[in-house]
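What follows is target00.pdb (PDB, C-alpha atoms, pLDDT in the B column).
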```pdb
MODEL        1
ATOM      1  CA  GLY A 282     -34.843 134.850 120.488  1.00 37.00           C
ATOM      2  CA  ILE A 283     -33.058 135.590 117.266  1.00 40.00           C
ATOM      3  CA  ASN A 284     -34.913 137.295 114.443  1.00 39.00           C
ATOM      4  CA  ALA A 285     -34.700 135.064 111.390  1.00 43.00           C
ATOM      5  CA  GLU A 286     -36.137 135.241 107.903  1.00 45.00           C
ATOM      6  CA  TYR A 287     -39.286 133.375 108.958  1.00 41.00           C
ATOM      7  CA  GLY A 288     -39.813 134.670 112.475  1.00 42.00           C
ATOM      8  CA  GLU A 289     -38.363 134.330 115.927  1.00 42.00           C
ATOM      9  CA  PHE A 290     -36.203 131.363 116.922  1.00 38.00           C
ATOM     10  CA  PRO A 291     -35.654 130.467 120.557  1.00 39.00           C
ATOM     11  CA  THR A 292     -32.039 130.986 121.618  1.00 38.00           C
ATOM     12  CA  TYR A 293     -31.404 127.222 121.917  1.00 39.00           C
ATOM     13  CA  ALA A 294     -32.225 126.928 118.214  1.00 42.00           C
ATOM     14  CA  CYS A 295     -28.931 128.707 117.397  1.00 44.00           C
ATOM     15  CA  TYR A 296     -26.899 125.676 118.401  1.00 45.00           C
ATOM     16  CA  GLU A 297     -29.266 123.280 116.688  1.00 49.00           C
ATOM     17  CA  SER A 298     -29.122 125.490 113.575  1.00 52.00           C
ATOM     18  CA  VAL A 299     -25.316 125.265 113.517  1.00 56.00           C
ATOM     19  CA  LEU A 300     -25.631 121.478 113.590  1.00 63.00           C
ATOM     20  CA  HIS A 301     -28.301 121.592 110.844  1.00 59.00           C
ATOM     21  CA  PHE A 302     -26.036 123.780 108.730  1.00 57.00           C
ATOM     22  CA  HIS A 303     -23.075 121.434 108.994  1.00 59.00           C
ATOM     23  CA  LEU A 304     -25.129 118.328 108.256  1.00 63.00           C
ATOM     24  CA  ASN A 305     -26.917 120.036 105.369  1.00 58.00           C
ATOM     25  CA  ALA A 306     -23.658 121.367 103.917  1.00 50.00           C
ATOM     26  CA  THR A 307     -24.911 121.192 100.325  1.00 41.00           C
ATOM     27  CA  LYS A 308     -28.662 121.322 100.946  1.00 43.00           C
ATOM     28  CA  ILE A 309     -29.071 124.382 103.155  1.00 39.00           C
ATOM     29  CA  GLU A 310     -31.782 125.721 100.842  1.00 42.00           C
ATOM     30  CA  SER A 311     -34.076 122.839 101.882  1.00 42.00           C
ATOM     31  CA  TYR A 312     -33.657 123.878 105.509  1.00 42.00           C
ATOM     32  CA  LYS A 313     -34.763 127.456 104.766  1.00 46.00           C
ATOM     33  CA  LYS A 314     -38.052 126.487 103.108  1.00 48.00           C
ATOM     34  CA  PRO A 315     -40.976 127.159 105.466  1.00 49.00           C
ATOM     35  CA  THR A 316     -43.577 124.570 106.351  1.00 51.00           C
ATOM     36  CA  LEU A 317     -47.146 124.878 105.068  1.00 54.00           C
ATOM     37  CA  SER A 318     -47.990 126.965 108.128  1.00 55.00           C
ATOM     38  CA  GLY A 319     -45.217 129.427 107.224  1.00 53.00           C
ATOM     39  CA  LYS A 320     -43.011 128.516 110.179  1.00 50.00           C
ATOM     40  CA  PRO A 321     -39.346 127.658 109.650  1.00 47.00           C
ATOM     41  CA  ARG A 322     -38.672 124.011 108.919  1.00 48.00           C
ATOM     42  CA  ARG A 323     -36.687 122.690 111.853  1.00 48.00           C
ATOM     43  CA  ASP A 324     -38.426 119.348 112.208  1.00 47.00           C
ATOM     44  CA  ARG A 325     -35.897 117.150 110.456  1.00 51.00           C
ATOM     45  CA  PHE A 326     -32.373 116.948 109.230  1.00 57.00           C
ATOM     46  CA  GLU A 327     -31.359 116.164 105.687  1.00 66.00           C
ATOM     47  CA  ALA A 328     -27.850 114.888 106.219  1.00 74.00           C
ATOM     48  CA  THR A 329     -25.470 114.916 103.290  1.00 77.00           C
ATOM     49  CA  LEU A 330     -22.221 113.048 102.828  1.00 81.00           C
ATOM     50  CA  THR A 331     -20.345 116.360 102.727  1.00 82.00           C
ATOM     51  CA  GLY A 332     -21.963 117.559 105.950  1.00 81.00           C
ATOM     52  CA  SER A 333     -21.309 114.294 107.720  1.00 84.00           C
ATOM     53  CA  LEU A 334     -17.649 114.292 106.666  1.00 85.00           C
ATOM     54  CA  LEU A 335     -17.284 117.899 107.818  1.00 85.00           C
ATOM     55  CA  LEU A 336     -18.699 117.063 111.248  1.00 86.00           C
ATOM     56  CA  GLN A 337     -16.553 113.927 111.533  1.00 88.00           C
ATOM     57  CA  GLY A 338     -13.448 116.023 110.947  1.00 88.00           C
ATOM     58  CA  LEU A 339     -14.500 118.675 113.456  1.00 86.00           C
ATOM     59  CA  PHE A 340     -15.276 116.057 116.093  1.00 87.00           C
ATOM     60  CA  LYS A 341     -11.943 114.289 115.579  1.00 86.00           C
ATOM     61  CA  LEU A 342     -10.192 117.626 116.088  1.00 85.00           C
ATOM     62  CA  GLY A 343     -12.302 118.409 119.146  1.00 80.00           C
ATOM     63  CA  GLU A 344     -13.722 121.537 117.498  1.00 77.00           C
ATOM     64  CA  ILE A 345     -17.131 121.416 119.114  1.00 78.00           C
ATOM     65  CA  SER A 346     -17.610 124.723 120.940  1.00 77.00           C
ATOM     66  CA  LEU A 347     -20.641 125.738 118.836  1.00 75.00           C
ATOM     67  CA  LEU A 348     -21.763 122.175 118.154  1.00 82.00           C
ATOM     68  CA  GLU A 349     -21.753 120.762 121.688  1.00 81.00           C
ATOM     69  CA  ASP A 350     -25.116 122.198 122.715  1.00 79.00           C
ATOM     70  CA  GLY A 351     -26.586 121.221 119.354  1.00 81.00           C
ATOM     71  CA  VAL A 352     -25.445 117.611 119.635  1.00 86.00           C
ATOM     72  CA  CYS A 353     -26.186 117.215 123.341  1.00 86.00           C
ATOM     73  CA  GLY A 354     -29.530 118.996 123.080  1.00 84.00           C
ATOM     74  CA  LEU A 355     -31.020 116.979 120.233  1.00 84.00           C
ATOM     75  CA  SER A 356     -34.539 115.670 120.715  1.00 84.00           C
ATOM     76  CA  GLU A 357     -35.062 111.914 120.870  1.00 87.00           C
ATOM     77  CA  ASP A 358     -36.667 112.006 117.408  1.00 85.00           C
ATOM     78  CA  HIS A 359     -33.636 113.760 115.925  1.00 84.00           C
ATOM     79  CA  LEU A 360     -31.320 111.327 117.671  1.00 88.00           C
ATOM     80  CA  VAL A 361     -33.148 108.346 116.187  1.00 90.00           C
ATOM     81  CA  TYR A 362     -33.097 109.902 112.728  1.00 88.00           C
ATOM     82  CA  LEU A 363     -29.425 110.914 112.825  1.00 88.00           C
ATOM     83  CA  SER A 364     -28.227 107.715 114.460  1.00 92.00           C
ATOM     84  CA  CYS A 365     -30.082 105.417 112.067  1.00 92.00           C
ATOM     85  CA  ASP A 366     -29.202 107.367 108.909  1.00 89.00           C
ATOM     86  CA  ALA A 367     -26.318 105.779 106.989  1.00 88.00           C
ATOM     87  CA  GLN A 368     -24.539 109.124 106.461  1.00 86.00           C
ATOM     88  CA  SER A 369     -25.160 111.095 109.645  1.00 88.00           C
ATOM     89  CA  SER A 370     -24.558 108.123 111.950  1.00 92.00           C
ATOM     90  CA  HIS A 371     -20.859 108.337 111.109  1.00 93.00           C
ATOM     91  CA  ALA A 372     -20.788 111.909 112.449  1.00 91.00           C
ATOM     92  CA  ILE A 373     -22.464 110.807 115.703  1.00 93.00           C
ATOM     93  CA  GLN A 374     -20.033 107.902 115.955  1.00 95.00           C
ATOM     94  CA  ALA A 375     -17.087 110.296 115.419  1.00 93.00           C
ATOM     95  CA  PHE A 376     -18.430 112.447 118.268  1.00 93.00           C
ATOM     96  CA  LEU A 377     -18.604 109.456 120.621  1.00 95.00           C
ATOM     97  CA  THR A 378     -15.214 108.006 119.666  1.00 95.00           C
ATOM     98  CA  SER A 379     -13.241 111.252 119.446  1.00 93.00           C
ATOM     99  CA  LEU A 380     -10.176 111.288 121.679  1.00 92.00           C
ATOM    100  CA  THR A 381     -10.353 115.090 121.942  1.00 90.00           C
ATOM    101  CA  ILE A 382     -13.934 115.450 123.198  1.00 91.00           C
ATOM    102  CA  PRO A 383     -14.151 115.261 126.999  1.00 92.00           C
ATOM    103  CA  ALA A 384     -15.903 112.263 128.560  1.00 94.00           C
ATOM    104  CA  ASN A 385     -18.381 114.503 130.419  1.00 94.00           C
ATOM    105  CA  THR A 386     -19.557 115.969 127.081  1.00 92.00           C
ATOM    106  CA  LYS A 387     -20.062 112.478 125.650  1.00 95.00           C
ATOM    107  CA  HIS A 388     -21.892 111.419 128.832  1.00 96.00           C
ATOM    108  CA  ARG A 389     -24.227 114.404 128.446  1.00 94.00           C
ATOM    109  CA  PHE A 390     -25.164 113.104 124.979  1.00 94.00           C
ATOM    110  CA  ILE A 391     -25.491 109.501 126.173  1.00 96.00           C
ATOM    111  CA  ARG A 392     -27.864 110.518 129.009  1.00 94.00           C
ATOM    112  CA  THR A 393     -30.395 111.526 126.355  1.00 91.00           C
ATOM    113  CA  ALA A 394     -29.618 108.795 123.834  1.00 93.00           C
ATOM    114  CA  VAL A 395     -29.844 105.983 126.384  1.00 94.00           C
ATOM    115  CA  PHE A 396     -33.647 106.243 126.352  1.00 91.00           C
ATOM    116  CA  ILE A 397     -33.797 105.449 122.637  1.00 92.00           C
ATOM    117  CA  SER A 398     -31.059 102.822 122.502  1.00 92.00           C
ATOM    118  CA  ASP A 399     -33.735 100.142 122.117  1.00 91.00           C
ATOM    119  CA  LYS A 400     -34.817 101.834 118.844  1.00 92.00           C
ATOM    120  CA  LEU A 401     -31.247 102.307 117.668  1.00 93.00           C
ATOM    121  CA  VAL A 402     -30.208  98.656 117.905  1.00 91.00           C
ATOM    122  CA  LEU A 403     -32.857  97.765 115.331  1.00 92.00           C
ATOM    123  CA  SER A 404     -30.847  99.328 112.490  1.00 93.00           C
ATOM    124  CA  PRO A 405     -27.262  98.609 111.394  1.00 94.00           C
ATOM    125  CA  ALA A 406     -26.214 102.265 111.696  1.00 95.00           C
ATOM    126  CA  GLY A 407     -28.006 102.698 115.027  1.00 95.00           C
ATOM    127  CA  SER A 408     -26.446  99.602 116.549  1.00 94.00           C
ATOM    128  CA  ARG A 409     -23.033 101.047 115.713  1.00 96.00           C
ATOM    129  CA  ILE A 410     -24.015 104.140 117.722  1.00 96.00           C
ATOM    130  CA  VAL A 411     -25.071 102.021 120.705  1.00 96.00           C
ATOM    131  CA  GLU A 412     -21.692 100.253 120.581  1.00 96.00           C
ATOM    132  CA  ALA A 413     -19.933 103.641 120.566  1.00 97.00           C
ATOM    133  CA  MET A 414     -22.150 104.826 123.436  1.00 96.00           C
ATOM    134  CA  TRP A 415     -21.221 101.711 125.418  1.00 96.00           C
ATOM    135  CA  ALA A 416     -17.510 102.289 124.824  1.00 97.00           C
ATOM    136  CA  ALA A 417     -17.759 105.956 125.917  1.00 97.00           C
ATOM    137  CA  ALA A 418     -20.063 105.338 128.898  1.00 96.00           C
ATOM    138  CA  ASP A 419     -19.124 105.099 132.549  1.00 96.00           C
ATOM    139  CA  ASN A 420     -20.485 102.220 134.674  1.00 96.00           C
ATOM    140  CA  GLU A 421     -23.666 104.113 135.621  1.00 96.00           C
ATOM    141  CA  LEU A 422     -24.519 104.826 131.981  1.00 95.00           C
ATOM    142  CA  LYS A 423     -23.660 101.257 130.952  1.00 95.00           C
ATOM    143  CA  THR A 424     -26.149 100.031 133.549  1.00 94.00           C
ATOM    144  CA  ALA A 425     -28.800 102.343 132.094  1.00 93.00           C
ATOM    145  CA  ILE A 426     -28.092 101.131 128.537  1.00 92.00           C
ATOM    146  CA  ALA A 427     -28.314  97.508 129.697  1.00 91.00           C
ATOM    147  CA  GLN A 428     -31.628  98.159 131.485  1.00 90.00           C
ATOM    148  CA  VAL A 429     -33.162  99.645 128.327  1.00 87.00           C
ATOM    149  CA  GLY A 430     -31.898  96.654 126.331  1.00 78.00           C
ATOM    150  CA  LYS A 431     -33.286  94.276 128.928  1.00 78.00           C
ATOM    151  CA  ARG A 432     -36.795  95.708 128.393  1.00 77.00           C
ATOM    152  CA  MET A 433     -36.725  94.802 124.696  1.00 72.00           C
ATOM    153  CA  LYS A 434     -38.725  91.824 123.552  1.00 60.00           C
ATOM    154  CA  ILE A 435     -37.247  89.157 121.314  1.00 51.00           C
ATOM    155  CA  SER A 436     -40.029  89.928 118.794  1.00 50.00           C
ATOM    156  CA  ASP A 437     -38.605  93.491 118.464  1.00 53.00           C
ATOM    157  CA  LEU A 438     -35.442  92.060 116.949  1.00 50.00           C
ATOM    158  CA  ASP A 439     -37.189  90.233 114.106  1.00 51.00           C
TER     159      ASP A 439
ENDMDL
END
```
Would it be possible to restate this file's structure as structure tokens?
Amino acid sequence: GINAEYGEFPTYACYESVLHFHLNATKIESYKKPTLSGKPRRDRFEATLTGSLLLQGLFKLGEISLLEDGVCGLSEDHLVYLSCDAQSSHAIQAFLTSLTIPANTKHRFIRTAVFISDKLVLSPAGSRIVEAMWAAADNELKTAIAQVGKRMKISDLD
């Protein structure tokens, strides 16, 4: 792991930390504050408009070498939060619609996000992400998205 101010981080946390940094562009101090137990706070993102715009620009340019593992390795909870947040959802959408990011990288992201697509469609920002996932998906992933949607109950949409 990497020695950080509040202890050891697993190596995978480096990529997630890069993503946190970009999304928190003007609020990085809130990321550094430890939890009550003294461990580093890595449990949620606090997306800012500046951070989201920065990521959107990087994704449109295809500059994702350090961000790819962070984006594709997000937990389902982080995906729901980022995809349903009005500001950060635009960064996720830019990732999925970028003409410079390879399809296999987008498919890697979609393979994780497909399992939460039923939660995403319940919010305006999240439904935009599902539409972008659909547009970027191959036939196999589209089938998976449709199967998750098929399991939803009509009462979930109210």
Selection dump of the PyMOL selection byres ((chain A and resi 334-338) around 8), as a PDB file with C-alpha atoms, in the frame of the given file:
```pdb
ATOM      1  CA  HIS A 303     -23.075 121.434 108.994  1.00 59.00           C
ATOM      2  CA  LEU A 304     -25.129 118.328 108.256  1.00 63.00           C
ATOM      3  CA  LEU A 330     -22.221 113.048 102.828  1.00 81.00           C
ATOM      4  CA  THR A 331     -20.345 116.360 102.727  1.00 82.00           C
ATOM      5  CA  GLY A 332     -21.963 117.559 105.950  1.00 81.00           C
ATOM      6  CA  SER A 333     -21.309 114.294 107.720  1.00 84.00           C
ATOM      7  CA  LEU A 339     -14.500 118.675 113.456  1.00 86.00           C
ATOM      8  CA  PHE A 340     -15.276 116.057 116.093  1.00 87.00           C
ATOM      9  CA  LYS A 341     -11.943 114.289 115.579  1.00 86.00           C
ATOM     10  CA  LEU A 342     -10.192 117.626 116.088  1.00 85.00           C
ATOM     11  CA  HIS A 371     -20.859 108.337 111.109  1.00 93.00           C
ATOM     12  CA  ALA A 372     -20.788 111.909 112.449  1.00 91.00           C
ATOM     13  CA  ILE A 373     -22.464 110.807 115.703  1.00 93.00           C
ATOM     14  CA  ALA A 375     -17.087 110.296 115.419  1.00 93.00           C
ATOM     15  CA  PHE A 376     -18.430 112.447 118.268  1.00 93.00           C
TER      16      PHE A 376
END
```
> Which neighbours of region 415-419 of chain A fall inside 7 Å, counting only C-alpha atoms, when residues of the same chain fewer than 3 positions from it are skipped, and could you give them as a PyMOL selection string?
Replying inline: chain A and resi 377+387-388+411-412+422-423
> Around (-28.8, 113.0, 130.3) in the file's frame, which residues reach within 12 Å when counting only C-alpha atoms? Return as a list in words?
Replying inline: Cys353, Gly354, Leu355, Ser356, Glu357, Asn385, Thr386, Lys387, His388, Arg389, Phe390, Ile391, Arg392, Thr393, Ala394, Val395, Phe396, Ile397, Ala418, Glu421, Leu422 and Ala425 of chain A
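Between CA of Ala384 (chain A) and CA of Asp358 (chain A) the interatomic distance comes to 23.6 Å.
Of the listed residues A:Val361, A:Ala367, A:Ala328, A:Ile382, the one whose atoms come nearest to Asp399 (chain A) is A:Val361, with distances taken using all atoms listed in the file.
For the atom pair formed by CA of Thr378 (chain A) and CA of Ala413 (chain A), the distance is 6.5 Å, given to one decimal.
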> For the atom pair CA of Met414 (chain A) and CA of Ile426 (chain A), what is the interatomic distance in Å to one decimal place?
Replying inline: 8.7 Å
> Care to translate the PyMOL selection byres ((chain A and resi 402) around 10) into actual residues of this file, as JSON, numbers by chain?
Replying inline: {"A": [364, 365, 397, 398, 399, 400, 401, 403, 404, 405, 406, 407, 408, 409, 410, 411, 412, 430, 437, 438]}
Export region 393-404 of chain A from the structure block above, keeping N, CA, C and O atoms, as a short mmCIF file (atom, residue, chain, number, x, y, z; two decimals), in the first residue's frame.
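Below is the file part03.cif, written as the result:
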```cif
data_model
loop_
_atom_site.label_atom_id
_atom_site.label_comp_id
_atom_site.auth_asym_id
_atom_site.auth_seq_id
_atom_site.Cartn_x
_atom_site.Cartn_y
_atom_site.Cartn_z
N THR A 393 -20.16 -3.28 -14.49
CA THR A 393 -20.45 -3.04 -13.07
C THR A 393 -21.76 -2.29 -12.91
O THR A 393 -22.59 -2.65 -12.10
N ALA A 394 -21.93 -1.25 -13.71
CA ALA A 394 -23.09 -0.37 -13.56
C ALA A 394 -24.40 -1.04 -13.95
O ALA A 394 -25.47 -0.62 -13.49
N VAL A 395 -24.35 -2.08 -14.75
CA VAL A 395 -25.58 -2.73 -15.20
C VAL A 395 -26.39 -3.26 -14.01
O VAL A 395 -27.61 -3.24 -14.02
N PHE A 396 -25.71 -3.67 -12.96
CA PHE A 396 -26.40 -4.25 -11.80
C PHE A 396 -27.16 -3.23 -10.97
O PHE A 396 -27.99 -3.60 -10.16
N ILE A 397 -26.88 -1.95 -11.18
CA ILE A 397 -27.57 -0.91 -10.44
C ILE A 397 -28.44 -0.04 -11.35
O ILE A 397 -28.99 0.96 -10.92
N SER A 398 -28.57 -0.44 -12.60
CA SER A 398 -29.34 0.39 -13.54
C SER A 398 -30.78 0.56 -13.10
O SER A 398 -31.40 1.58 -13.37
N ASP A 399 -31.31 -0.43 -12.36
CA ASP A 399 -32.68 -0.29 -11.86
C ASP A 399 -32.78 0.83 -10.83
O ASP A 399 -33.81 1.49 -10.71
N LYS A 400 -31.71 1.11 -10.08
CA LYS A 400 -31.70 2.22 -9.12
C LYS A 400 -31.48 3.55 -9.85
O LYS A 400 -32.01 4.57 -9.43
N LEU A 401 -30.70 3.50 -10.91
CA LEU A 401 -30.37 4.74 -11.62
C LEU A 401 -31.57 5.34 -12.34
O LEU A 401 -31.73 6.56 -12.38
N VAL A 402 -32.42 4.49 -12.92
CA VAL A 402 -33.55 5.02 -13.70
C VAL A 402 -34.57 5.75 -12.84
O VAL A 402 -35.44 6.43 -13.37
N LEU A 403 -34.45 5.66 -11.53
CA LEU A 403 -35.39 6.31 -10.64
C LEU A 403 -35.09 7.79 -10.43
O LEU A 403 -35.89 8.49 -9.82
N SER A 404 -33.95 8.26 -10.93
CA SER A 404 -33.63 9.69 -10.80
C SER A 404 -33.39 10.27 -12.19
O SER A 404 -32.94 9.56 -13.09
#
```
